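All remarks here apply to the structure that follows.
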Amino acid sequence: MVCTLPSLSLYMHPSLNIEQKHRLHRSWKPSSEILRTELFHKFNSPFELQQVHTLVIKTGTPLSALPLSRVASICALTPRFAYAQQIFQQVGQPEIFIWNCCLKDFAESDSPFDAILLFYQLRKHNVCPDSFTCTFVLKACVQLRDLFHGRIVHKFIQKLGLQSNLVLQNVTVHLYASCGKISDAILLFNKMPQRDVITWNTMITQLVKRGYIDSAYKMFLQMPDRNVRSWTAMIAGFGQCGKPKEAIDLFTKMEEVGLKPSEVTVVAVLAACTDLGALDLGSRIHEYSDKNEFKRNIPVCNTLIDMYIKCGVLEAALRVFEGMKERTVVSWSAMIQGLAIHGKANEALELFHQMIQTGMKPNGVTFIGLLNACSHMGLINKGRWFFASMSRDYGIIPSIEHYGCMVDLLSRAGLMQEAHEFITQMPIKPNAAVWGALLGGCKLHKKIEMAKVAMRHLQELDPLNDGHYVVLANIYSEAKQWDDAARVRKLMRNKGLQKTLGWSSITVNGIVHEFVAGDETHPQSQEIFKVWNKLLAHMRLKGYIPNTSVVLLDMEENEKEKIVFRHSEKLALVFGLINTSHGETIRIFKNLRVCEDCHAAFKVISEISNREIVVRDRNRFHCFRDGSCSCKDYW
DNA sequence: CTAGGGTTAG
């Protein structure tokens with residue numbers, strides 16, 4: 001009689017009683033192959049392990065067929081430690097080897113503290129650790145930033161006489177640096193009789209993380225041999241500390257040396273392109289990635305998506321997103337945020353819906369994107385709903401950023417009282433971003449009294465940020481309260497602050513042209529002004545009326561016009577019209593928010609010149625086409 | 001069974 005083999009999952013099914021299990025047990029003779037592939041990954045407790053162990057003995061399967069690392073992890077932190085030891089002592093492999101495998105898994109898991117606990121268990125049961133053991137425990141300490149246990153292991157290494165082991169020295173340097181003891185790390189580094197490329201790379205990365213970019217670069221120049229990871233660490237370092245130009249310069253040098261960029265290099269360089277709005281280099285890196293089969297690498301795709309979004313090419317970002325075989329929450333969140341800052345709120349919400357349907361769990365960042373989408377398009381009720389939903393339906397506790405988004409949403413919509421009430425009822429202390437969002441709403445809706453309230457808090461929380469003073473002065477100026485405006489500007493000056501100079505840039509033929517307001521230094525300045533005057537006549541016919549209320553100062557109307565006409569974004573746009581071919585999209589990058597008059601002017605110009613104009617603002621994108629803007633004037 | 005570089009928001 002042929003009987004079907006029951007699977008182990010059936011054998012161990014909780015609904016079977018002991019007698020049924022025995023019956024199965026007697027009749028069932030699985031091959032060791034079945035044991036290995038089907039069975040052993042399914043037991044989860046010492047009790048189940050014991051059943052499997054019995055089975056192994058009964059069927060005469062060699063003990064080594066057991067997934068020993070799994071046995072170890074099940075027994076390690078339960079009172080069954082000795083049981084595992086007993087098995088390990090019979091398999092003909094050094095016992096410590098098996099425990100080390102388990103330690104490695106723990107150290108790389110999401111609860112690295114288990115590695116430290118296991119280490120104590122090993123000591124308690126007199127298992128003798130080796131250098132591998134120490135490596136993994138130290139790695140866990142690095143993950144946890146656990147200097148206390150790290151120091152214990154460090155002393156233990158010396159007790160074992162392993163202090164000259166290079167790998168251990170490298171991890172120890174990493175440990176002290178990552179726990180904020182950078183001077184201890186440097187001390188150890190200096191004492192090392194020999195160092196390898198990993199030692200140097202570790203130091204570079206850690207110095208960058210602590211903000212010592214100059215020391216990191218010195219080390220980079222000083223080190224004897226540099227591999228791809230050294231270059232990448234330094235490129236990423238420049239990017240992370242706000243020096244994307246330096247990152248790209250270094251990348252160029254890396255190419256000159258002839259080293260082949262890895263996936264990680266590509267991610268770092270793309271992030272720098274994102275910050276700079278360097279679409280041309282970004283696209284080149286995209287081609288390189290495709291040629292080198294980096295397409296399957298999720299972070300590469302995620303960074304590409306973000307790069308295209310922040311360079312204003314939403315379609316390209318969507319293409320990368322659609323082409324991904326596998327996506328993470330980062331991919332979805334990046335795309336949702338991208339749609340949000342491009343003013344496509346409904347598409348963003350729709351994408352979120354799709355995300356949920358694929359079974360992907362959103363995180364806090366996903367909701368920041370969603371709230372931004374609602375905020376930028378004035379979807380107040382949807383925004384309120386998402387805010388409530390995140391904790392209720394997904395167990396995500398709103399962070400200060402989410403509260404900031406909500407205040408932005410409410411105050412942009414003019415619901416100033418509600419926004420203020422929302423702030424006073426927050427369970428966490430409001431920060432400068434929260435009050436700043438309220439102040440922004442006051443500017444938009446000309447609420448002077450509320451602006452004063454917001455400013456009082458901002459002066460306390462963020463006194464050195466010139467932006468707040470400028471906004472408040474603007475609010476007074478718009479209300480023609482010149483004395484108050486002057487008082488705020490004086491207050492700002494007394495703190496030693498200057499208004500951040502606005503600038504706009506445009507890339508033509510790979511060359512970045514930067515303009516500041518009133519700029520006459522560009523070689524083509526005269527031509528720019530001539531073309532502007534012609535354009536202006538045309539614009540006036542189309543109904544454009546200069547909005548001079550954006551000028552802070554009390555002066556004659558035609559003086560104000562002169563100032564408005566030479567705003568940096570207008571200069572960059574006219575330069576673009578002159579120097580690009582007809583029909584080409586013009587992309588402008590502005591460091592501050594785009595001015596209201598420029599916004600109105602760009603709409604008219606997009607119609608007259610029949611051009612698409614994409615402006616990357618401090619906060620979002622404006623895509624001007626056929627006389628209107630993608631933000632639908634809600635920003 | 002060792003050690004080093006990366007992505008969404010802010």
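Chain lettering (A, B, ...) mirrors the order of the structure tokens, residue numbering begins at 1 for each chain separately, and ligand numbering begins at 1 in order of display.
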As a PyMOL selection string, please: every residue in range 421-552 of chain A that a backbone DSSP assignment puts in alpha helix (DSSP H). chain A and resi 421-424+432-445+448-461+466-478+482-494+525-541
Please produce a file of those selected residues containing C-alpha atoms, as a PDB file, in the first residue's frame.
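Saved to part_37.pdb:
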```pdb
ATOM      1  CA  GLU A 421      -5.332  75.362  18.467  1.00  0.00           C
ATOM      2  CA  PHE A 422      -3.787  72.277  16.910  1.00  0.00           C
ATOM      3  CA  ILE A 423      -0.364  73.483  18.035  1.00  0.00           C
ATOM      4  CA  THR A 424      -1.467  74.174  21.593  1.00  0.00           C
ATOM      5  CA  ALA A 432      10.549  75.850  14.903  1.00  0.00           C
ATOM      6  CA  ALA A 433       9.230  74.032  11.833  1.00  0.00           C
ATOM      7  CA  VAL A 434       5.743  73.922  13.370  1.00  0.00           C
ATOM      8  CA  TRP A 435       5.673  77.629  14.232  1.00  0.00           C
ATOM      9  CA  GLY A 436       7.346  78.397  10.921  1.00  0.00           C
ATOM     10  CA  ALA A 437       4.493  76.666   9.101  1.00  0.00           C
ATOM     11  CA  LEU A 438       2.032  78.830  11.004  1.00  0.00           C
ATOM     12  CA  LEU A 439       4.007  81.953  10.135  1.00  0.00           C
ATOM     13  CA  GLY A 440       3.973  80.933   6.479  1.00  0.00           C
ATOM     14  CA  GLY A 441       0.187  80.702   6.601  1.00  0.00           C
ATOM     15  CA  CYS A 442       0.026  84.152   8.183  1.00  0.00           C
ATOM     16  CA  LYS A 443       2.027  85.547   5.281  1.00  0.00           C
ATOM     17  CA  LEU A 444      -0.311  83.945   2.775  1.00  0.00           C
ATOM     18  CA  HIS A 445      -3.460  85.137   4.510  1.00  0.00           C
ATOM     19  CA  ILE A 448      -0.589  90.070  11.400  1.00  0.00           C
ATOM     20  CA  GLU A 449      -1.678  89.284  14.964  1.00  0.00           C
ATOM     21  CA  MET A 450      -1.171  85.543  14.565  1.00  0.00           C
ATOM     22  CA  ALA A 451       2.156  86.184  12.876  1.00  0.00           C
ATOM     23  CA  LYS A 452       3.324  88.025  15.986  1.00  0.00           C
ATOM     24  CA  VAL A 453       2.383  85.018  18.105  1.00  0.00           C
ATOM     25  CA  ALA A 454       4.310  82.647  15.849  1.00  0.00           C
ATOM     26  CA  MET A 455       7.287  84.983  15.781  1.00  0.00           C
ATOM     27  CA  ARG A 456       7.503  85.136  19.576  1.00  0.00           C
ATOM     28  CA  HIS A 457       8.021  81.368  19.626  1.00  0.00           C
ATOM     29  CA  LEU A 458      10.398  81.400  16.680  1.00  0.00           C
ATOM     30  CA  GLN A 459      12.600  84.009  18.305  1.00  0.00           C
ATOM     31  CA  GLU A 460      13.008  81.618  21.161  1.00  0.00           C
ATOM     32  CA  LEU A 461      13.332  78.367  19.221  1.00  0.00           C
ATOM     33  CA  ASP A 466      16.925  85.008   9.002  1.00  0.00           C
ATOM     34  CA  GLY A 467      13.987  83.557   7.065  1.00  0.00           C
ATOM     35  CA  HIS A 468      11.482  84.124   9.867  1.00  0.00           C
ATOM     36  CA  TYR A 469      12.370  87.814  10.233  1.00  0.00           C
ATOM     37  CA  VAL A 470      12.145  88.298   6.487  1.00  0.00           C
ATOM     38  CA  VAL A 471       8.681  86.741   6.343  1.00  0.00           C
ATOM     39  CA  LEU A 472       7.422  88.885   9.219  1.00  0.00           C
ATOM     40  CA  ALA A 473       8.897  92.031   7.682  1.00  0.00           C
ATOM     41  CA  ASN A 474       7.159  91.062   4.442  1.00  0.00           C
ATOM     42  CA  ILE A 475       3.850  90.707   6.202  1.00  0.00           C
ATOM     43  CA  TYR A 476       4.209  94.219   7.656  1.00  0.00           C
ATOM     44  CA  SER A 477       5.313  95.657   4.327  1.00  0.00           C
ATOM     45  CA  GLU A 478       2.361  94.193   2.480  1.00  0.00           C
ATOM     46  CA  TRP A 482       6.610 100.367   7.100  1.00  0.00           C
ATOM     47  CA  ASP A 483       7.771 101.236  10.607  1.00  0.00           C
ATOM     48  CA  ASP A 484       7.085  97.752  11.880  1.00  0.00           C
ATOM     49  CA  ALA A 485       8.820  96.241   8.864  1.00  0.00           C
ATOM     50  CA  ALA A 486      11.844  98.415   9.497  1.00  0.00           C
ATOM     51  CA  ARG A 487      11.831  97.471  13.187  1.00  0.00           C
ATOM     52  CA  VAL A 488      11.919  93.751  12.332  1.00  0.00           C
ATOM     53  CA  ARG A 489      14.751  94.257   9.869  1.00  0.00           C
ATOM     54  CA  LYS A 490      16.669  96.209  12.480  1.00  0.00           C
ATOM     55  CA  LEU A 491      16.075  93.442  15.009  1.00  0.00           C
ATOM     56  CA  MET A 492      17.457  90.995  12.495  1.00  0.00           C
ATOM     57  CA  ARG A 493      20.536  93.117  11.848  1.00  0.00           C
ATOM     58  CA  ASN A 494      21.142  93.493  15.572  1.00  0.00           C
ATOM     59  CA  SER A 525      23.353  90.800 -19.254  1.00  0.00           C
ATOM     60  CA  GLN A 526      22.680  93.503 -21.837  1.00  0.00           C
ATOM     61  CA  GLU A 527      21.001  91.026 -24.140  1.00  0.00           C
ATOM     62  CA  ILE A 528      18.950  89.632 -21.261  1.00  0.00           C
ATOM     63  CA  PHE A 529      17.603  93.101 -20.386  1.00  0.00           C
ATOM     64  CA  LYS A 530      16.827  93.882 -24.030  1.00  0.00           C
ATOM     65  CA  VAL A 531      14.893  90.661 -24.509  1.00  0.00           C
ATOM     66  CA  TRP A 532      13.107  91.205 -21.195  1.00  0.00           C
ATOM     67  CA  ASN A 533      11.852  94.618 -22.286  1.00  0.00           C
ATOM     68  CA  LYS A 534      10.447  93.194 -25.492  1.00  0.00           C
ATOM     69  CA  LEU A 535       8.892  90.347 -23.587  1.00  0.00           C
ATOM     70  CA  LEU A 536       7.405  92.735 -21.024  1.00  0.00           C
ATOM     71  CA  ALA A 537       5.536  94.694 -23.680  1.00  0.00           C
ATOM     72  CA  HIS A 538       4.095  91.448 -24.924  1.00  0.00           C
ATOM     73  CA  MET A 539       3.183  90.353 -21.395  1.00  0.00           C
ATOM     74  CA  ARG A 540       1.368  93.602 -20.637  1.00  0.00           C
ATOM     75  CA  LEU A 541      -0.796  93.036 -23.702  1.00  0.00           C
TER      76      LEU A 541
END
```
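Here is the contact set of chain A against chain B, at 6 Å and counting only C-alpha atoms (C1' of nucleotides): A:Asn100, A:Cys101, A:Phe132, A:Val167, A:Asn170, A:Val171, A:Ile198, A:Asn201, A:Thr202, A:Arg229, A:Thr232, A:Ala233, A:Val264, A:Val267, A:Pro299, A:Asn302, A:Thr303, A:Val330, A:Ser333, A:Ala334, A:Val365.
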Would you put the residues from that selection into a file with C-alpha atoms, as a JSON list (two decimals), in the first residue's frame?
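Result saved to part_15.json:
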```json
[["chain", "number", "residue", "atom", "x", "y", "z"],
["A", 100, "ASN", "CA", 29.66, 31.83, 16.04],
["A", 101, "CYS", "CA", 27.29, 31.29, 13.13],
["A", 132, "PHE", "CA", 35.35, 35.30, 15.37],
["A", 167, "VAL", "CA", 40.19, 42.50, 12.13],
["A", 170, "ASN", "CA", 39.31, 47.44, 12.99],
["A", 171, "VAL", "CA", 36.03, 46.58, 14.66],
["A", 198, "ILE", "CA", 39.45, 48.77, 5.83],
["A", 201, "ASN", "CA", 37.84, 53.45, 5.22],
["A", 202, "THR", "CA", 36.32, 52.96, 8.66],
["A", 229, "ARG", "CA", 34.92, 51.72, -1.24],
["A", 232, "THR", "CA", 32.70, 55.89, -2.39],
["A", 233, "ALA", "CA", 32.92, 56.60, 1.34],
["A", 264, "VAL", "CA", 26.89, 52.25, -3.73],
["A", 267, "VAL", "CA", 23.75, 55.94, -5.06],
["A", 299, "PRO", "CA", 18.53, 51.59, -3.47],
["A", 302, "ASN", "CA", 15.10, 54.54, -5.30],
["A", 303, "THR", "CA", 17.83, 57.14, -5.64],
["A", 330, "VAL", "CA", 11.26, 53.75, 0.33],
["A", 333, "SER", "CA", 7.29, 56.84, -0.31],
["A", 334, "ALA", "CA", 9.71, 58.58, -2.65],
["A", 365, "VAL", "CA", 7.78, 58.94, 5.82]]
```
Contacts of range 595-608 of chain A at 8 Å (only C-alpha atoms (C1' of nucleotides); same-chain gap of 4+ positions) as a tab-separated table (two decimals) with N, CA and C atoms, in the first residue's frame:
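Generated file (around_3.tsv):
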```tsv
chain	number	residue	atom	x	y	z
A	535	LEU	N	9.81	91.32	-24.16
A	535	LEU	CA	8.89	90.35	-23.59
A	535	LEU	C	7.84	91.04	-22.72
A	538	HIS	N	4.96	92.54	-24.52
A	538	HIS	CA	4.10	91.45	-24.92
A	538	HIS	C	3.22	90.97	-23.77
A	539	MET	N	3.88	90.85	-22.58
A	539	MET	CA	3.18	90.35	-21.39
A	539	MET	C	2.07	91.30	-20.96
A	542	LYS	N	-0.98	90.85	-22.70
A	542	LYS	CA	-1.70	89.65	-22.25
A	542	LYS	C	-2.32	89.83	-20.87
A	544	TYR	N	-0.62	91.07	-18.04
A	544	TYR	CA	0.28	90.99	-16.88
A	544	TYR	C	0.43	92.36	-16.23
A	546	PRO	N	2.50	94.05	-13.07
A	546	PRO	CA	3.52	93.75	-12.06
A	546	PRO	C	2.95	93.85	-10.65
A	547	ASN	N	3.27	92.89	-9.82
A	547	ASN	CA	2.82	92.89	-8.43
A	547	ASN	C	3.97	93.37	-7.57
A	548	THR	N	3.98	94.66	-7.27
A	548	THR	CA	5.13	95.24	-6.59
A	548	THR	C	5.02	95.15	-5.08
A	550	VAL	N	5.51	92.74	-3.43
A	550	VAL	CA	6.55	91.83	-2.93
A	550	VAL	C	7.82	92.59	-2.55
A	564	VAL	N	11.57	94.38	-9.14
A	564	VAL	CA	10.86	93.13	-9.44
A	564	VAL	C	11.29	92.55	-10.78
A	567	HIS	N	14.47	90.25	-10.68
A	567	HIS	CA	14.57	89.09	-9.76
A	567	HIS	C	15.35	87.97	-10.45
A	569	GLU	N	15.07	84.78	-10.69
A	569	GLU	CA	14.43	83.75	-11.51
A	569	GLU	C	14.04	84.29	-12.88
A	570	LYS	N	13.71	85.59	-12.94
A	570	LYS	CA	13.38	86.17	-14.24
A	570	LYS	C	14.62	86.24	-15.13
A	612	GLU	N	7.54	75.00	-21.94
A	612	GLU	CA	7.33	74.45	-20.62
A	612	GLU	C	8.45	74.96	-19.73
A	613	ILE	N	8.09	75.52	-18.57
A	613	ILE	CA	9.08	76.04	-17.65
A	613	ILE	C	8.93	75.33	-16.32
A	624	PHE	N	5.14	75.38	-15.37
A	624	PHE	CA	4.33	76.35	-16.11
A	624	PHE	C	4.15	75.87	-17.54
A	625	ARG	N	2.90	75.90	-17.98
A	625	ARG	CA	2.61	75.47	-19.35
A	625	ARG	C	1.30	76.12	-19.79
A	626	ASP	N	1.28	76.64	-21.01
A	626	ASP	CA	0.07	77.25	-21.59
A	626	ASP	C	-0.61	78.25	-20.65
A	627	GLY	N	0.17	79.03	-19.95
A	627	GLY	CA	-0.41	80.10	-19.14
A	627	GLY	C	-0.87	79.71	-17.75
A	628	SER	N	-0.63	78.42	-17.35
A	628	SER	CA	-0.98	78.10	-15.96
A	628	SER	C	0.11	77.25	-15.32
A	629	CYS	N	-0.03	77.09	-14.01
A	629	CYS	CA	1.02	76.39	-13.27
A	629	CYS	C	0.46	75.12	-12.64
```
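CA of Phe589 in chain A is found 8.6 Å from CA of Arg618 in chain A.
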Smallest atom-to-atom distance to Met355 in chain A: which of A:Arg210, A:Lys124, A:Arg327, A:Lys253, using only C-alpha atoms? A:Arg327
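Neighbouring residues of Ser391 in chain A at 12 Å or closer, counting only C-alpha atoms (C1' of nucleotides) and skipping chain neighbours under 4 positions away, are Pro362, Asn363, Gly364, Phe367, Trp385, Phe386, Phe387, Gly395, Ile396, Ile397, Pro398, Ser399 and His402 of chain A.
The two atoms in question, CA of Met406 in chain A and CA of Ala348 in chain A, are spaced 17.1 Å apart.
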